[in-house]
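Written below as structure tokens is the structure these notes are about.
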Amino acid sequence: MPNPQFTKPWHGVPREQIHWNPTVLEDACIGCGTCVTGCSRLVYRFDFERKKPVVVDPLNCMVGCTTCANTCPAHALVFPPIESVLALEGLAQVRHAVEDDLQARQDILAASAHVPHPDRIVKLVVQSMDKPAADVLCLTLTPVTAGACFCEFVPGQYIELWQPESSHLSRAYSIANAPHGDGSIILHIRRVEGGRFTQWAFETMKVGDTLQARGPLGAFTMRSPVGVPLLFVAGGTGLAPVLALLEQQVYFAPQRDMVLLWGMRQVSDFYALDTLQALTTRAPGLRVVLVSQQLEKPPAMPLAVRFGSGTVLDALAQDASLPGGRDIYAAGPPVMLRELAHALDQQGVAKSRVHMDSFGV
Ligand SMILES: Cc1cc2nc3c(=O)[nH]c(=O)nc-3n(C[C@H](O)[C@H](O)[C@H](O)COP(=O)(O)OP(=O)(O)OC[C@H]3O[C@@H](n4cnc5c(N)ncnc54)[C@H](O)[C@@H]3O)c2cc1C
Ligand code: SF4
Ligand code: SF4
């Protein structure tokens, strides 16, 4: 019998709508019974005549659990791909249900002792807000107290930013600049349909607000020796950490051979073009390709910046000089990064040369 304790909705999604349970490969099964006795949710019963497990209550199976498959000595149990569960976690409904549940059961779920962590929490003031494209907000944040800042961050890192009225609503944002002496940082925030934090940022946040931030976090930092040429790939606001890395290179190695491929849905989505233009002037080795799926009336740009049509993957495929011997630094939406990783793998690029900063599940 399905047990109501086990078949309740999974983070708001009715359990019957989720295909997650084991299948027994009978030819491989040796009938040891480990899975039957090991599953506390009574998913299985045992057919004593045939000496085989039988999946009788598949909905009792815990979504994402693969314990029985992991402990099967004959590798005779299979599950749907874990990506089907990860895709559910990408849904706003699921993400928000987890967040709400954490809050609702805080008294039970809170760790009794705080684990010390090396990153710091500081307060930052919204010094300026700029909306250079319909769905992009560029923020400049400065420390409330001089010196209490992320002055020591490494270009490419990110911070976690809290909404002021909430003790728990926080999201990660990449720092879009190399360290400045005054501790100010720039963030590029893209509006996400139905997104909790971005809705607040676009509709309520104002200059002068004080936000709590934790960091610096992340390891999307320059790893390549100075002589190695670089390929940067950015999707949407994935430009932010890439700009920080470029600013660092322009300062330390302006002659370096560098290419940036930046993808947006339409030409009017591109922003910070004056910043990119300035970088190409200061770094003669930098070439920028702005790729858009709808290439309508691109603005005039200097020679080192050109527009292309399609996606960053199309641009990569069409340019025979890429990736060449370059180390690759890519940031943005997970879907783009997954496809890029696949394309680079097909081209035989060693994984050790590819560095990625994913903005989501
Ligand atoms: C290390 C790191 C760095 C990041 N840096 C940046 C940055 O510099 N600029 C930036 O704009 N974002 C960045 N993000 C994404 C950011 O943290 C938030 O996820 C995003 O702003 C959405 O938050 P939200 O509360 O509005 O949406 P939520 O309420 O959390 O989510 C709503 C829905 O949108 C989906 N979603 C979440 N993020 C995205 C996204 N980026 N694109 C498409 N769909 C999404 C969710 O899966 C969910 O289905 C970064 C993420 C990580 C992990
Ligand atoms: S995956 Fe976990 S819950 Fe599901 S049948 Fe196996 S042991 Fe039981
Ligand atoms: S643990 Fe594996 S081999 Fe043993 S009964 Fe279950 S499926 Fe068969």
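We name chains A, B, ... following the order of the structure tokens; residues begin at 1 in each chain, and ligands are numbered from 1 as shown.
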Kindly provide, as a PyMOL selection string, all nucleotide and amino acid residues lying within 10 Å of ligand 3, counting only C-alpha atoms and all ligand atoms.
chain A and resi 22-38+44+46-47+51-54+68-78
I want to know what sits within 12 Å of stretch 187-191 of chain A, based on only C-alpha atoms, with residues of the same chain fewer than 5 positions away left out; could you give that as a VMD selection string?
chain A and resid 126 to 142 156 to 161 171 to 178 196 to 203 235 to 244 264 269 to 272 332 to 333 359
Would you return as an mmCIF file with C-alpha atoms, in the first residue's frame the members of stretch 23-169 of chain A that DSSP assigns to helix (DSSP H, G or I) on this structure's backbone?
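For reference, part.cif as written:
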data_model
loop_
_atom_site.group_PDB
_atom_site.id
_atom_site.type_symbol
_atom_site.label_atom_id
_atom_site.label_comp_id
_atom_site.auth_asym_id
_atom_site.auth_seq_id
_atom_site.Cartn_x
_atom_site.Cartn_y
_atom_site.Cartn_z
ATOM 1 C CA THR A 34 19.514 -6.552 0.085
ATOM 2 C CA CYS A 35 17.241 -4.029 -1.611
ATOM 3 C CA VAL A 36 14.077 -5.498 -0.076
ATOM 4 C CA THR A 37 15.332 -5.513 3.497
ATOM 5 C CA GLY A 38 17.328 -2.304 3.120
ATOM 6 C CA PRO A 58 6.869 2.793 -6.381
ATOM 7 C CA LEU A 59 5.379 6.044 -5.017
ATOM 8 C CA ASN A 60 6.851 5.265 -1.587
ATOM 9 C CA THR A 67 20.448 3.731 -1.889
ATOM 10 C CA CYS A 68 19.223 0.325 -3.000
ATOM 11 C CA ALA A 69 20.942 0.663 -6.407
ATOM 12 C CA ASN A 70 24.159 1.729 -4.697
ATOM 13 C CA THR A 71 24.141 -1.299 -2.434
ATOM 14 C CA GLU A 83 18.618 15.185 -14.415
ATOM 15 C CA SER A 84 14.848 14.647 -14.216
ATOM 16 C CA VAL A 85 15.015 15.566 -10.503
ATOM 17 C CA LEU A 86 17.445 18.442 -11.107
ATOM 18 C CA ALA A 87 15.041 19.833 -13.730
ATOM 19 C CA LEU A 88 12.299 19.904 -11.090
ATOM 20 C CA GLU A 89 14.635 21.801 -8.775
ATOM 21 C CA ALA A 92 10.341 28.430 -9.341
ATOM 22 C CA GLN A 93 7.497 26.534 -7.594
ATOM 23 C CA VAL A 94 9.952 23.970 -6.167
ATOM 24 C CA ARG A 95 12.657 26.468 -5.282
ATOM 25 C CA HIS A 96 10.192 28.696 -3.458
ATOM 26 C CA ALA A 97 8.549 25.737 -1.644
ATOM 27 C CA VAL A 98 11.975 24.689 -0.282
ATOM 28 C CA GLU A 99 12.685 28.254 0.827
ATOM 29 C CA ASP A 100 9.286 28.552 2.557
ATOM 30 C CA ASP A 101 9.684 25.151 4.222
ATOM 31 C CA LEU A 102 13.112 26.082 5.600
ATOM 32 C CA GLN A 103 11.604 29.197 7.133
ATOM 33 C CA ALA A 104 8.499 27.468 8.487
ATOM 34 C CA GLN A 106 13.406 26.983 11.295
ATOM 35 C CA ASP A 107 13.037 25.964 14.960
ATOM 36 C CA ILE A 108 13.686 22.322 14.035
ATOM 37 C CA LEU A 109 16.109 22.751 11.143
#
Write down as a PyMOL selection string the residues belonging to stretch 53-285 of chain A that are assigned strand (DSSP E) by DSSP computed on the backbone.
chain A and resi 53-55+77-78+120-133+136-143+158-162+170-174+185-190+210-217+230-235+258-266
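Minimum distance to A:Gly360 across A:Pro298, A:Pro216, A:Gly194, A:Gly90 (counting only C-alpha atoms) occurs at A:Gly90.
Restricting the calculation to only C-alpha atoms, the smallest distance between A:Arg256 and any of A:Arg326, A:Leu211, A:Gly310, A:Gly195 is found for A:Arg326.
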Within 7 Å of A:Val122, counting only C-alpha atoms, which residues qualify if same-chain residues fewer than 4 places away don't, as a PyMOL selection string?
chain A and resi 148-149+212-214
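Residues surrounding A:Met62 within 8 Å are A:Phe6, A:Trp20, A:Asn21, A:Leu59, A:Asn60, A:Gly64, A:Cys65 [only C-alpha atoms; sequence separation below 2 positions excluded].
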Using C-alpha atoms, can you export the residues from the last selection as a PDB file, in the first residue's frame?
ATOM      1  CA  PHE A   6       5.976   8.791   1.969  1.00  0.00           C
ATOM      2  CA  TRP A  20      11.139   8.218  -9.630  1.00  0.00           C
ATOM      3  CA  ASN A  21      11.385   4.593  -8.576  1.00  0.00           C
ATOM      4  CA  LEU A  59       5.379   6.044  -5.017  1.00  0.00           C
ATOM      5  CA  ASN A  60       6.851   5.265  -1.587  1.00  0.00           C
ATOM      6  CA  GLY A  64      16.365  11.316  -5.631  1.00  0.00           C
ATOM      7  CA  CYS A  65      17.243   8.335  -3.398  1.00  0.00           C
TER       8      CYS A  65
END
Point-to-point distance from atom CA of A:Lys297 to atom CA of A:Ala315, Å rounded to tenths:
18.5 Å
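Put simply, atom CA of A:Arg282 is 21.3 Å away from atom CA of A:Ile328.
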Would you work out the distance separating atom CA of A:Val291 from atom CA of A:Val305, expressed in Å to one decimal?
10.8 Å
